[in-house]
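Containing compact mmCIF, C-alpha atoms: protein-v5.txt.
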```txt
# COMPACT_ATOMS: atom_id res chain seq x y z
CA MET G 1 -102.03 46.89 -31.24
CA ARG G 2 -101.26 47.41 -27.53
CA SER G 3 -99.54 44.01 -27.10
CA THR G 4 -97.45 44.62 -30.23
CA THR G 5 -96.36 48.00 -28.89
CA LEU G 6 -95.42 46.49 -25.51
CA ARG G 7 -93.33 43.80 -27.18
CA LYS G 8 -91.40 46.52 -28.99
CA ILE G 9 -90.98 48.70 -25.89
CA LEU G 10 -90.02 46.07 -23.27
CA PRO G 11 -86.72 44.94 -24.88
CA GLY G 12 -85.74 48.60 -25.13
CA ILE G 13 -86.47 49.10 -21.44
CA GLY G 14 -84.33 46.08 -20.55
CA THR G 15 -81.43 47.39 -22.62
CA ALA G 16 -81.72 50.84 -21.07
CA LEU G 17 -81.67 49.39 -17.57
CA LEU G 18 -78.54 47.34 -18.34
CA LEU G 19 -76.76 50.36 -19.76
CA ALA G 20 -77.74 52.41 -16.73
CA ALA G 21 -76.40 49.72 -14.41
CA THR G 22 -73.02 49.60 -16.15
CA SER G 23 -72.55 53.27 -17.02
CA PRO G 24 -69.98 55.25 -14.99
CA ALA G 25 -72.67 57.60 -13.71
CA HIS G 26 -74.45 54.77 -11.92
CA ALA G 27 -71.64 52.31 -11.19
CA ASP G 28 -69.20 51.92 -8.32
CA ASP G 29 -65.58 51.03 -9.01
CA PRO G 30 -65.54 47.23 -9.53
CA ALA G 31 -61.88 46.94 -8.50
CA LYS G 32 -62.64 48.75 -5.24
CA ILE G 33 -65.51 46.36 -4.45
CA LEU G 34 -63.34 43.35 -5.30
CA LYS G 35 -60.54 44.71 -3.11
CA SER G 36 -62.92 45.04 -0.16
CA MET G 37 -63.75 41.35 -0.58
CA THR G 38 -60.16 40.15 -0.79
CA ASP G 39 -59.10 42.39 2.11
CA TYR G 40 -61.90 40.93 4.24
CA LEU G 41 -61.04 37.32 3.35
CA THR G 42 -57.29 37.72 3.92
CA SER G 43 -57.91 39.44 7.26
CA GLN G 44 -59.72 36.39 8.64
CA LYS G 45 -57.56 34.02 10.66
CA THR G 46 -59.98 31.13 10.23
CA MET G 47 -62.77 30.52 7.72
CA SER G 48 -65.12 27.78 6.67
CA ALA G 49 -67.78 27.49 3.98
CA THR G 50 -69.67 24.98 1.86
CA PHE G 51 -69.83 25.05 -1.91
CA ASP G 52 -71.55 23.67 -4.99
CA SER G 53 -69.75 23.70 -8.31
CA ASP G 54 -70.64 23.00 -11.93
CA ILE G 55 -68.06 22.53 -14.66
CA GLU G 56 -69.02 22.36 -18.32
CA ILE G 57 -67.25 20.46 -21.08
CA ILE G 58 -67.80 20.48 -24.81
CA THR G 59 -67.79 17.07 -26.52
CA PRO G 60 -66.27 16.50 -29.98
CA GLU G 61 -69.87 16.58 -31.23
CA LEU G 62 -70.19 20.10 -29.73
CA GLN G 63 -72.61 18.98 -27.03
CA LYS G 64 -72.32 20.86 -23.75
CA ILE G 65 -72.28 18.61 -20.64
CA GLN G 66 -72.24 19.73 -16.98
CA PHE G 67 -70.64 17.91 -14.06
CA ALA G 68 -71.78 18.88 -10.54
CA SER G 69 -70.00 18.57 -7.19
CA SER G 70 -70.45 19.77 -3.63
CA GLY G 71 -68.05 20.18 -0.78
CA GLU G 72 -66.69 22.03 2.22
CA ILE G 73 -63.64 24.22 2.85
CA LYS G 74 -61.98 24.90 6.20
CA MET G 75 -58.82 26.94 6.58
CA SER G 76 -56.60 28.54 9.20
CA ARG G 77 -54.07 31.04 7.92
CA PRO G 78 -51.30 30.84 7.03
CA ASP G 79 -50.72 27.10 6.72
CA LYS G 80 -53.73 24.87 7.34
CA LEU G 81 -56.43 23.77 4.92
CA ARG G 82 -59.03 21.02 4.58
CA VAL G 83 -61.20 20.55 1.48
CA ARG G 84 -63.77 17.82 0.86
CA ARG G 85 -65.32 17.42 -2.59
CA THR G 86 -68.02 14.92 -3.48
CA GLY G 87 -69.21 14.46 -7.04
CA GLY G 88 -70.60 11.76 -9.26
CA TYR G 89 -67.15 10.33 -10.00
CA ALA G 90 -65.04 10.96 -6.92
CA ASP G 91 -65.27 11.53 -3.18
CA VAL G 92 -61.96 13.16 -2.28
CA GLU G 93 -60.52 14.97 0.71
CA LEU G 94 -57.37 17.12 0.91
CA VAL G 95 -55.80 17.85 4.29
CA TYR G 96 -52.84 20.18 4.80
CA ASP G 97 -51.29 20.84 8.23
CA GLY G 98 -48.46 23.15 7.19
CA LYS G 99 -45.96 20.33 6.80
CA LEU G 100 -47.71 17.41 5.14
CA ILE G 101 -50.32 17.26 2.39
CA SER G 102 -52.63 14.24 2.38
CA ILE G 103 -55.17 13.38 -0.32
CA TYR G 104 -57.66 10.61 0.38
CA GLY G 105 -59.96 9.05 -2.21
CA ASN G 106 -62.96 7.50 -0.51
CA ASN G 107 -63.99 5.57 -3.62
CA ALA G 108 -60.49 4.16 -4.10
CA LYS G 109 -59.99 3.58 -0.35
CA SER G 110 -56.43 4.87 -0.76
CA TYR G 111 -54.43 7.99 0.03
CA VAL G 112 -51.24 9.76 -0.96
CA GLN G 113 -49.01 11.98 1.15
CA ALA G 114 -46.11 14.34 0.49
CA ASP G 115 -43.97 16.73 2.48
CA ALA G 116 -44.96 20.32 1.72
CA PRO G 117 -43.65 22.65 4.42
CA GLY G 118 -44.71 26.26 4.01
CA THR G 119 -47.98 28.07 3.52
CA ILE G 120 -51.34 27.44 1.87
CA ASP G 121 -50.23 29.62 -1.05
CA LYS G 122 -47.09 27.56 -1.65
CA MET G 123 -48.95 24.28 -1.28
CA ILE G 124 -51.60 25.29 -3.84
CA ASP G 125 -48.91 26.45 -6.28
CA ALA G 126 -46.97 23.20 -5.87
CA LEU G 127 -50.06 21.03 -6.26
CA GLN G 128 -51.20 22.79 -9.40
CA ALA G 129 -47.71 22.81 -10.91
CA ARG G 130 -47.30 19.08 -10.32
CA SER G 131 -50.62 17.86 -11.63
CA GLY G 132 -52.45 20.74 -13.30
CA THR G 133 -55.27 20.07 -10.85
CA GLY G 134 -57.37 23.03 -9.75
CA MET G 135 -59.22 23.36 -6.46
CA PRO G 136 -62.62 25.05 -6.17
CA GLY G 137 -62.09 28.80 -5.75
CA ALA G 138 -58.41 28.39 -4.85
CA ASP G 139 -57.59 31.87 -6.14
CA LEU G 140 -60.08 33.32 -3.63
CA LEU G 141 -58.13 31.76 -0.74
CA LEU G 142 -54.67 33.07 -1.59
CA SER G 143 -53.06 35.75 0.58
CA ASN G 144 -52.56 37.85 -2.57
CA ALA G 145 -56.02 37.09 -3.97
CA PHE G 146 -56.61 40.58 -5.37
CA ASP G 147 -53.36 40.60 -7.35
CA GLU G 148 -54.02 37.10 -8.68
CA LEU G 149 -57.59 37.88 -9.72
CA MET G 150 -56.66 41.17 -11.40
CA ALA G 151 -53.33 40.08 -12.94
CA THR G 152 -54.59 39.86 -16.53
CA VAL G 153 -57.83 41.85 -16.30
CA ILE G 154 -58.36 44.23 -19.22
CA GLU G 155 -61.87 45.44 -18.34
CA GLY G 156 -64.14 45.48 -15.29
CA LYS G 157 -67.74 46.50 -14.71
CA HIS G 158 -70.07 46.87 -11.76
CA ILE G 159 -73.21 45.35 -13.25
CA GLY G 160 -75.37 46.22 -10.25
CA GLN G 161 -77.08 44.26 -7.48
CA GLY G 162 -78.13 40.63 -7.48
CA VAL G 163 -79.49 38.09 -5.02
CA VAL G 164 -77.76 34.72 -4.50
CA ASP G 165 -79.36 32.23 -2.09
CA GLY G 166 -81.40 35.08 -0.62
CA VAL G 167 -78.34 37.28 0.00
CA GLU G 168 -78.09 40.72 -1.63
CA CYS G 169 -74.82 40.95 -3.55
CA GLU G 170 -72.79 43.33 -5.69
CA HIS G 171 -72.47 41.84 -9.18
CA LEU G 172 -69.11 42.42 -10.90
CA ALA G 173 -67.91 41.32 -14.34
CA PHE G 174 -64.30 41.24 -15.55
CA ARG G 175 -62.60 40.35 -18.82
CA THR G 176 -59.15 38.90 -19.54
CA PRO G 177 -57.67 37.82 -22.89
CA ASP G 178 -58.62 34.17 -22.25
CA THR G 179 -61.61 34.31 -19.90
CA ASP G 180 -64.57 36.36 -18.80
CA TRP G 181 -65.45 36.04 -15.13
CA GLN G 182 -68.19 37.26 -12.86
CA ILE G 183 -68.43 37.41 -9.08
CA TRP G 184 -71.28 38.19 -6.70
CA ILE G 185 -70.07 39.73 -3.39
CA GLU G 186 -72.27 40.13 -0.33
CA ALA G 187 -73.23 43.76 0.24
CA GLY G 188 -72.49 45.32 3.63
CA ALA G 189 -69.94 44.70 6.35
CA LYS G 190 -69.24 41.06 5.41
CA PRO G 191 -68.17 41.19 1.73
CA VAL G 192 -67.76 37.47 1.07
CA PRO G 193 -68.21 35.92 -2.39
CA HIS G 194 -71.38 33.92 -2.99
CA LYS G 195 -71.07 33.09 -6.68
CA TYR G 196 -68.14 32.93 -9.08
CA VAL G 197 -68.49 32.16 -12.81
CA ILE G 198 -65.59 31.73 -15.24
CA THR G 199 -66.20 31.52 -19.00
CA SER G 200 -63.40 30.11 -21.17
CA LYS G 201 -63.27 32.11 -24.39
CA THR G 202 -60.49 30.10 -26.02
CA LEU G 203 -62.48 26.84 -26.10
CA ALA G 204 -65.24 26.10 -28.60
CA GLY G 205 -68.67 26.65 -27.07
CA ALA G 206 -67.27 28.86 -24.27
CA PRO G 207 -67.77 26.39 -21.38
CA GLN G 208 -68.28 27.79 -17.90
CA TYR G 209 -67.15 26.94 -14.39
CA THR G 210 -69.64 27.99 -11.70
CA LEU G 211 -68.94 28.05 -7.98
CA ARG G 212 -71.65 28.89 -5.41
CA ILE G 213 -70.36 29.44 -1.86
CA LYS G 214 -72.49 29.63 1.27
CA ASP G 215 -72.49 29.06 5.04
CA TRP G 216 -69.50 31.38 5.51
CA LYS G 217 -68.17 31.28 9.08
CA THR G 218 -65.13 32.82 10.75
CA ASP G 219 -65.36 30.92 14.05
CA ALA G 220 -62.24 29.40 15.57
CA LEU G 221 -61.41 25.90 14.34
CA ASN G 222 -59.97 23.10 16.45
CA ALA G 223 -56.45 22.05 15.43
CA ASP G 224 -57.69 18.46 15.09
CA VAL G 225 -59.62 19.55 11.99
CA PHE G 226 -56.33 19.72 10.09
CA ALA G 227 -54.89 16.43 11.31
CA PHE G 228 -55.19 13.62 8.77
CA VAL G 229 -56.02 10.19 10.14
CA ALA G 230 -56.16 7.45 7.53
CA PRO G 231 -59.49 5.59 7.67
CA ALA G 232 -59.39 1.94 8.66
CA GLY G 233 -58.53 -0.23 5.68
CA ALA G 234 -57.19 2.64 3.57
CA THR G 235 -54.05 1.92 1.56
CA LYS G 236 -51.19 4.38 1.10
CA VAL G 237 -50.05 4.62 -2.53
CA ASP G 238 -47.20 6.38 -4.32
CA LEU G 239 -47.60 10.07 -5.02
CA GLU G 240 -48.26 10.33 -8.74
CA GLY G 241 -50.10 12.80 -10.93
CA ALA G 242 -52.80 10.21 -11.65
CA ALA G 243 -53.58 9.86 -7.96
CA ILE G 244 -53.70 13.64 -7.42
CA ALA G 245 -55.90 14.01 -10.49
CA GLU G 246 -58.70 12.28 -8.60
CA PHE G 247 -59.24 15.64 -6.92
CA ASP G 248 -60.35 17.04 -10.28
CA GLU G 249 -64.07 17.42 -11.00
CA LEU G 250 -64.08 15.53 -14.30
CA PRO G 251 -63.92 11.75 -14.82
CA PRO G 252 -60.83 10.40 -16.60
CA GLY G 253 -60.91 10.74 -20.37
CA THR G 254 -63.30 13.70 -20.32
CA PRO G 255 -62.53 16.56 -22.75
CA THR G 256 -61.06 19.72 -21.21
CA GLY G 257 -63.61 21.81 -19.35
CA ALA G 258 -63.83 25.45 -18.37
CA LYS G 259 -60.71 26.94 -16.85
CA LYS G 260 -60.72 27.41 -13.09
```
Representation of the structure as C-alpha cells:
Amino acid sequence: MRSTTLRKILPGIGTALLLAATSPAHADDPAKILKSMTDYLTSQKTMSATFDSDIEIITPELQKIQFASSGEIKMSRPDKLRVRRTGGYADVELVYDGKLISIYGNNAKSYVQADAPGTIDKMIDALQARSGTGMPGADLLLSNAFDELMATVIEGKHIGQGVVDGVECEHLAFRTPDTDWQIWIEAGAKPVPHKYVITSKTLAGAPQYTLRIKDWKTDALNADVFAFVAPAGATKVDLEGAAIAEFDELPPGTPTGAKK
C-alpha cells in the first residue's frame, strides 16, 4: 500500500516542482539573463574555449543517429578567429586574420583560401551564405548575439538552476516557430554559456544539436595564433562549396540534421 501511494505521489511532486521553477513568482526574466551573457561575451576582447558537439539526423527509416565532434575556438574581436573541429569524418581548421579566410582539411591534406576583409560577423555571414555551412555556436560569437538569438523567439522561460560539468548554471528555454532551444549560463560574475541545445521542430523526429562549451578563458592571445601556415605537403585547391562543406559535422550524403 505504501509503495503504491508513493508511486502516485512522486510524479505529482515532480510536476509541482517544474511548475514552481517556471512560474513567474519563482522565475527571473530569461531575456535579462541571456542579455547578461551576450553582454559579457561581446565585452571580451579575446576569448578561447573548447567544445564537444553532437548532431542528430533522422534516417529514411526514422532511426535517430548521432554524430559527435570536439574542437577549440579562439577569437580576438573584431576580426580574428580560429576554429578547429575534429570528428569521425573530418579534421578541419578555419583561420581568419581579418583579411583572408583559410580552411584546411587534415584528412584531405588540402586547403582553400579566399579574401574576406572585414569582421568576424561579416565572415561568418559570407561563409554561411556561400555554402550553407554552420559553425559550432557561431551565433554566440556575433557582436549582435542577443538580437540574433532573440530575433524569432515567441516564448522564453527560466527553468531554474542546473549543473554542467560541475558548474552551476541558469537554465533557460526559448521557443521559435521552427525550433526550441535551451541554454545553460554560468551563474555569477562570469555568465558564459556551458551548454546549448537546439531542437528542430520542422523535421520528423525532432533531431537535436547539442553544444557543450568549457575551458573558457579571456587571456590575451598572440597574433601568431591567427596566422595560417600551410602544413608541409598540403595542396591548395579551388574555393568551392564542396571544399567548404568539409567543415560541416555530417559526412557527405547524410540526411539533414538538426538546425544550428
List as a PyMOL selection string the protein and nucleic acid residues near G:Gln113, meaning an atom at most 12 Å away when all atoms listed in the file are counted, but skip any in the same chain fewer than 6 places from it.
chain G and resi 93-97+99-105+127+228-230+235-240+243-244
Quick one: distance from atom CA of G:Arg82 to atom CA of G:Phe226 in Å, one decimal?
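Atom-to-atom, atom CA of G:Arg82 and atom CA of G:Phe226 are spaced 6.3 Å apart.
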Proximity to G:His194 - best of G:Asp115, G:Asp165, G:Glu56, G:Glu72, all atoms listed in the file:
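Smallest separation from G:His194 among the options: G:Asp165.
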Would you pick out the contacts of stretch 144-159 of chain G at 10 Å or less, using only C-alpha atoms, so that residues sharing its chain but fewer than 2 positions from it are not included, and give the list as a ChimeraX atom specification?
/G:18-24,26-31,33-39,41-42,121,138-142,161-162,170-184
Store the residues picked out above, limited to C-alpha atoms, as a PDB file, keeping the file's coordinate frame.
```pdb
ATOM      1  CA  LEU G  18     -78.540  47.340 -18.340  1.00  0.00           C
ATOM      2  CA  LEU G  19     -76.760  50.360 -19.760  1.00  0.00           C
ATOM      3  CA  ALA G  20     -77.740  52.410 -16.730  1.00  0.00           C
ATOM      4  CA  ALA G  21     -76.400  49.720 -14.410  1.00  0.00           C
ATOM      5  CA  THR G  22     -73.020  49.600 -16.150  1.00  0.00           C
ATOM      6  CA  SER G  23     -72.550  53.270 -17.020  1.00  0.00           C
ATOM      7  CA  PRO G  24     -69.980  55.250 -14.990  1.00  0.00           C
ATOM      8  CA  HIS G  26     -74.450  54.770 -11.920  1.00  0.00           C
ATOM      9  CA  ALA G  27     -71.640  52.310 -11.190  1.00  0.00           C
ATOM     10  CA  ASP G  28     -69.200  51.920  -8.320  1.00  0.00           C
ATOM     11  CA  ASP G  29     -65.580  51.030  -9.010  1.00  0.00           C
ATOM     12  CA  PRO G  30     -65.540  47.230  -9.530  1.00  0.00           C
ATOM     13  CA  ALA G  31     -61.880  46.940  -8.500  1.00  0.00           C
ATOM     14  CA  ILE G  33     -65.510  46.360  -4.450  1.00  0.00           C
ATOM     15  CA  LEU G  34     -63.340  43.350  -5.300  1.00  0.00           C
ATOM     16  CA  LYS G  35     -60.540  44.710  -3.110  1.00  0.00           C
ATOM     17  CA  SER G  36     -62.920  45.040  -0.160  1.00  0.00           C
ATOM     18  CA  MET G  37     -63.750  41.350  -0.580  1.00  0.00           C
ATOM     19  CA  THR G  38     -60.160  40.150  -0.790  1.00  0.00           C
ATOM     20  CA  ASP G  39     -59.100  42.390   2.110  1.00  0.00           C
ATOM     21  CA  LEU G  41     -61.040  37.320   3.350  1.00  0.00           C
ATOM     22  CA  THR G  42     -57.290  37.720   3.920  1.00  0.00           C
ATOM     23  CA  ASP G 121     -50.230  29.620  -1.050  1.00  0.00           C
ATOM     24  CA  ALA G 138     -58.410  28.390  -4.850  1.00  0.00           C
ATOM     25  CA  ASP G 139     -57.590  31.870  -6.140  1.00  0.00           C
ATOM     26  CA  LEU G 140     -60.080  33.320  -3.630  1.00  0.00           C
ATOM     27  CA  LEU G 141     -58.130  31.760  -0.740  1.00  0.00           C
ATOM     28  CA  LEU G 142     -54.670  33.070  -1.590  1.00  0.00           C
ATOM     29  CA  GLN G 161     -77.080  44.260  -7.480  1.00  0.00           C
ATOM     30  CA  GLY G 162     -78.130  40.630  -7.480  1.00  0.00           C
ATOM     31  CA  GLU G 170     -72.790  43.330  -5.690  1.00  0.00           C
ATOM     32  CA  HIS G 171     -72.470  41.840  -9.180  1.00  0.00           C
ATOM     33  CA  LEU G 172     -69.110  42.420 -10.900  1.00  0.00           C
ATOM     34  CA  ALA G 173     -67.910  41.320 -14.340  1.00  0.00           C
ATOM     35  CA  PHE G 174     -64.300  41.240 -15.550  1.00  0.00           C
ATOM     36  CA  ARG G 175     -62.600  40.350 -18.820  1.00  0.00           C
ATOM     37  CA  THR G 176     -59.150  38.900 -19.540  1.00  0.00           C
ATOM     38  CA  PRO G 177     -57.670  37.820 -22.890  1.00  0.00           C
ATOM     39  CA  ASP G 178     -58.620  34.170 -22.250  1.00  0.00           C
ATOM     40  CA  THR G 179     -61.610  34.310 -19.900  1.00  0.00           C
ATOM     41  CA  ASP G 180     -64.570  36.360 -18.800  1.00  0.00           C
ATOM     42  CA  TRP G 181     -65.450  36.040 -15.130  1.00  0.00           C
ATOM     43  CA  GLN G 182     -68.190  37.260 -12.860  1.00  0.00           C
ATOM     44  CA  ILE G 183     -68.430  37.410  -9.080  1.00  0.00           C
ATOM     45  CA  TRP G 184     -71.280  38.190  -6.700  1.00  0.00           C
TER      46      TRP G 184
END
```
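Reported to one decimal place, the separation of atom CA of G:Gly160 from atom CA of G:Ile73 is 28.2 Å.
The residue that comes closest to G:Ser69, out of G:Leu211, G:Ile57, G:Ala220, G:Leu81 and on the basis of only C-alpha atoms, is G:Leu211.
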Distance atom CA of G:Val225-atom CA of G:Val83, one decimal place?
10.7 Å
Using all atoms listed in the file, which of the listed residues (G:Gln128, G:Lys201, G:Met123, G:Thr50) sits closest to G:Pro78?
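Comparing G:Gln128, G:Lys201, G:Met123, G:Thr50 against G:Pro78, the winner is G:Met123.
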Let me have the centre and edge lengths of the axis-aligned box enclosing all listed atoms of stretch 204-209 of chain G with 4 Å padding on every side, in Å to one decimal, as JSON.
```
{"center_x": -67.0, "center_y": 27.5, "center_z": -21.5, "size_x": 11.4, "size_y": 10.8, "size_z": 22.2}
```
Shortest interatomic distance to G:Phe67 - which of G:Ser200, G:Ser110, G:Ser143, G:Ser53, counting only C-alpha atoms:
G:Ser53
Residue neighbourhood G:Glu186, 8 Å, only C-alpha atoms, exclusion window fewer than 3 positions, as a PyMOL selection string
chain G and resi 167-170+190-194
Contacts of G:Ser76 at 6 Å or less, counting all atoms listed in the file, minus same-chain residues fewer than 4 places along, as number ranges by chain?
G: 45-46, 80
Show which residues sit within 12 Å of G:Asn106, as a ChimeraX atom specification. Count all atoms listed in the file, and ignore same-chain residues fewer than 3 positions away.
/G:84-87,89-94,103,109-112,230-235,246-247
Using only C-alpha atoms for the distances, tell me which of G:Ser70, G:Tyr196, G:Trp216, G:Gly98 is nearest to G:Ser48.
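The closest residue to G:Ser48 is G:Trp216.
Taking all atoms listed in the file into account, G:Arg77 lies nearest to G:Met47 out of the set G:Val163, G:Lys32, G:Met47, G:Ile198.
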Will you model N, CA and C atoms for stretch 161-188 of chain G and pass it back as a PDB file, in the frame of the given file?
```pdb
ATOM      1  N   GLN G 161     -76.786  45.148  -8.596  1.00  0.00           N
ATOM      2  CA  GLN G 161     -77.080  44.260  -7.480  1.00  0.00           C
ATOM      3  C   GLN G 161     -77.706  42.962  -7.981  1.00  0.00           C
ATOM      4  N   GLY G 162     -77.520  41.919  -7.201  1.00  0.00           N
ATOM      5  CA  GLY G 162     -78.130  40.630  -7.480  1.00  0.00           C
ATOM      6  C   GLY G 162     -78.384  39.918  -6.177  1.00  0.00           C
ATOM      7  N   VAL G 163     -79.177  38.873  -6.221  1.00  0.00           N
ATOM      8  CA  VAL G 163     -79.490  38.090  -5.020  1.00  0.00           C
ATOM      9  C   VAL G 163     -79.078  36.643  -5.270  1.00  0.00           C
ATOM     10  N   VAL G 164     -78.224  36.104  -4.402  1.00  0.00           N
ATOM     11  CA  VAL G 164     -77.760  34.720  -4.500  1.00  0.00           C
ATOM     12  C   VAL G 164     -78.104  34.013  -3.195  1.00  0.00           C
ATOM     13  N   ASP G 165     -78.919  32.959  -3.291  1.00  0.00           N
ATOM     14  CA  ASP G 165     -79.360  32.230  -2.090  1.00  0.00           C
ATOM     15  C   ASP G 165     -79.965  33.164  -1.056  1.00  0.00           C
ATOM     16  N   GLY G 166     -80.717  34.156  -1.520  1.00  0.00           N
ATOM     17  CA  GLY G 166     -81.400  35.080  -0.620  1.00  0.00           C
ATOM     18  C   GLY G 166     -80.530  36.183  -0.071  1.00  0.00           C
ATOM     19  N   VAL G 167     -79.265  36.267  -0.512  1.00  0.00           N
ATOM     20  CA  VAL G 167     -78.340  37.280   0.000  1.00  0.00           C
ATOM     21  C   VAL G 167     -78.131  38.356  -1.068  1.00  0.00           C
ATOM     22  N   GLU G 168     -78.306  39.621  -0.694  1.00  0.00           N
ATOM     23  CA  GLU G 168     -78.090  40.720  -1.630  1.00  0.00           C
ATOM     24  C   GLU G 168     -76.591  40.876  -1.893  1.00  0.00           C
ATOM     25  N   CYS G 169     -76.226  40.922  -3.167  1.00  0.00           N
ATOM     26  CA  CYS G 169     -74.820  40.950  -3.550  1.00  0.00           C
ATOM     27  C   CYS G 169     -74.540  42.045  -4.580  1.00  0.00           C
ATOM     28  N   GLU G 170     -73.284  42.479  -4.623  1.00  0.00           N
ATOM     29  CA  GLU G 170     -72.790  43.330  -5.690  1.00  0.00           C
ATOM     30  C   GLU G 170     -72.296  42.432  -6.815  1.00  0.00           C
ATOM     31  N   HIS G 171     -72.790  42.678  -8.019  1.00  0.00           N
ATOM     32  CA  HIS G 171     -72.470  41.840  -9.180  1.00  0.00           C
ATOM     33  C   HIS G 171     -71.396  42.525 -10.016  1.00  0.00           C
ATOM     34  N   LEU G 172     -70.230  41.882 -10.137  1.00  0.00           N
ATOM     35  CA  LEU G 172     -69.110  42.420 -10.900  1.00  0.00           C
ATOM     36  C   LEU G 172     -68.801  41.512 -12.080  1.00  0.00           C
ATOM     37  N   ALA G 173     -68.307  42.101 -13.164  1.00  0.00           N
ATOM     38  CA  ALA G 173     -67.910  41.320 -14.340  1.00  0.00           C
ATOM     39  C   ALA G 173     -66.562  41.832 -14.833  1.00  0.00           C
ATOM     40  N   PHE G 174     -65.645  40.894 -15.106  1.00  0.00           N
ATOM     41  CA  PHE G 174     -64.300  41.240 -15.550  1.00  0.00           C
ATOM     42  C   PHE G 174     -63.959  40.450 -16.816  1.00  0.00           C
ATOM     43  N   ARG G 175     -63.043  41.008 -17.600  1.00  0.00           N
ATOM     44  CA  ARG G 175     -62.600  40.350 -18.820  1.00  0.00           C
ATOM     45  C   ARG G 175     -61.071  40.238 -18.822  1.00  0.00           C
ATOM     46  N   THR G 176     -60.573  39.104 -19.305  1.00  0.00           N
ATOM     47  CA  THR G 176     -59.150  38.900 -19.540  1.00  0.00           C
ATOM     48  C   THR G 176     -59.015  38.407 -20.987  1.00  0.00           C
ATOM     49  N   PRO G 177     -57.806  38.302 -21.520  1.00  0.00           N
ATOM     50  CA  PRO G 177     -57.670  37.820 -22.890  1.00  0.00           C
ATOM     51  C   PRO G 177     -58.252  36.420 -23.108  1.00  0.00           C
ATOM     52  N   ASP G 178     -58.183  35.554 -22.084  1.00  0.00           N
ATOM     53  CA  ASP G 178     -58.620  34.170 -22.250  1.00  0.00           C
ATOM     54  C   ASP G 178     -59.976  33.856 -21.629  1.00  0.00           C
ATOM     55  N   THR G 179     -60.372  34.619 -20.610  1.00  0.00           N
ATOM     56  CA  THR G 179     -61.610  34.310 -19.900  1.00  0.00           C
ATOM     57  C   THR G 179     -62.407  35.577 -19.596  1.00  0.00           C
ATOM     58  N   ASP G 180     -63.706  35.370 -19.427  1.00  0.00           N
ATOM     59  CA  ASP G 180     -64.570  36.360 -18.800  1.00  0.00           C
ATOM     60  C   ASP G 180     -64.979  35.766 -17.460  1.00  0.00           C
ATOM     61  N   TRP G 181     -65.005  36.579 -16.407  1.00  0.00           N
ATOM     62  CA  TRP G 181     -65.450  36.040 -15.130  1.00  0.00           C
ATOM     63  C   TRP G 181     -66.312  37.039 -14.374  1.00  0.00           C
ATOM     64  N   GLN G 182     -67.251  36.465 -13.636  1.00  0.00           N
ATOM     65  CA  GLN G 182     -68.190  37.260 -12.860  1.00  0.00           C
ATOM     66  C   GLN G 182     -68.125  36.814 -11.399  1.00  0.00           C
ATOM     67  N   ILE G 183     -68.409  37.751 -10.496  1.00  0.00           N
ATOM     68  CA  ILE G 183     -68.430  37.410  -9.080  1.00  0.00           C
ATOM     69  C   ILE G 183     -69.521  38.221  -8.396  1.00  0.00           C
ATOM     70  N   TRP G 184     -70.211  37.559  -7.474  1.00  0.00           N
ATOM     71  CA  TRP G 184     -71.280  38.190  -6.700  1.00  0.00           C
ATOM     72  C   TRP G 184     -70.796  38.273  -5.247  1.00  0.00           C
ATOM     73  N   ILE G 185     -70.651  39.490  -4.713  1.00  0.00           N
ATOM     74  CA  ILE G 185     -70.070  39.730  -3.390  1.00  0.00           C
ATOM     75  C   ILE G 185     -71.125  40.293  -2.452  1.00  0.00           C
ATOM     76  N   GLU G 186     -71.255  39.699  -1.291  1.00  0.00           N
ATOM     77  CA  GLU G 186     -72.270  40.130  -0.330  1.00  0.00           C
ATOM     78  C   GLU G 186     -72.123  41.611  -0.008  1.00  0.00           C
ATOM     79  N   ALA G 187     -73.232  42.327  -0.074  1.00  0.00           N
ATOM     80  CA  ALA G 187     -73.230  43.760   0.240  1.00  0.00           C
ATOM     81  C   ALA G 187     -73.176  43.949   1.756  1.00  0.00           C
ATOM     82  N   GLY G 188     -72.524  45.018   2.198  1.00  0.00           N
ATOM     83  CA  GLY G 188     -72.490  45.320   3.630  1.00  0.00           C
ATOM     84  C   GLY G 188     -71.137  45.053   4.259  1.00  0.00           C
TER      85      GLY G 188
END
```
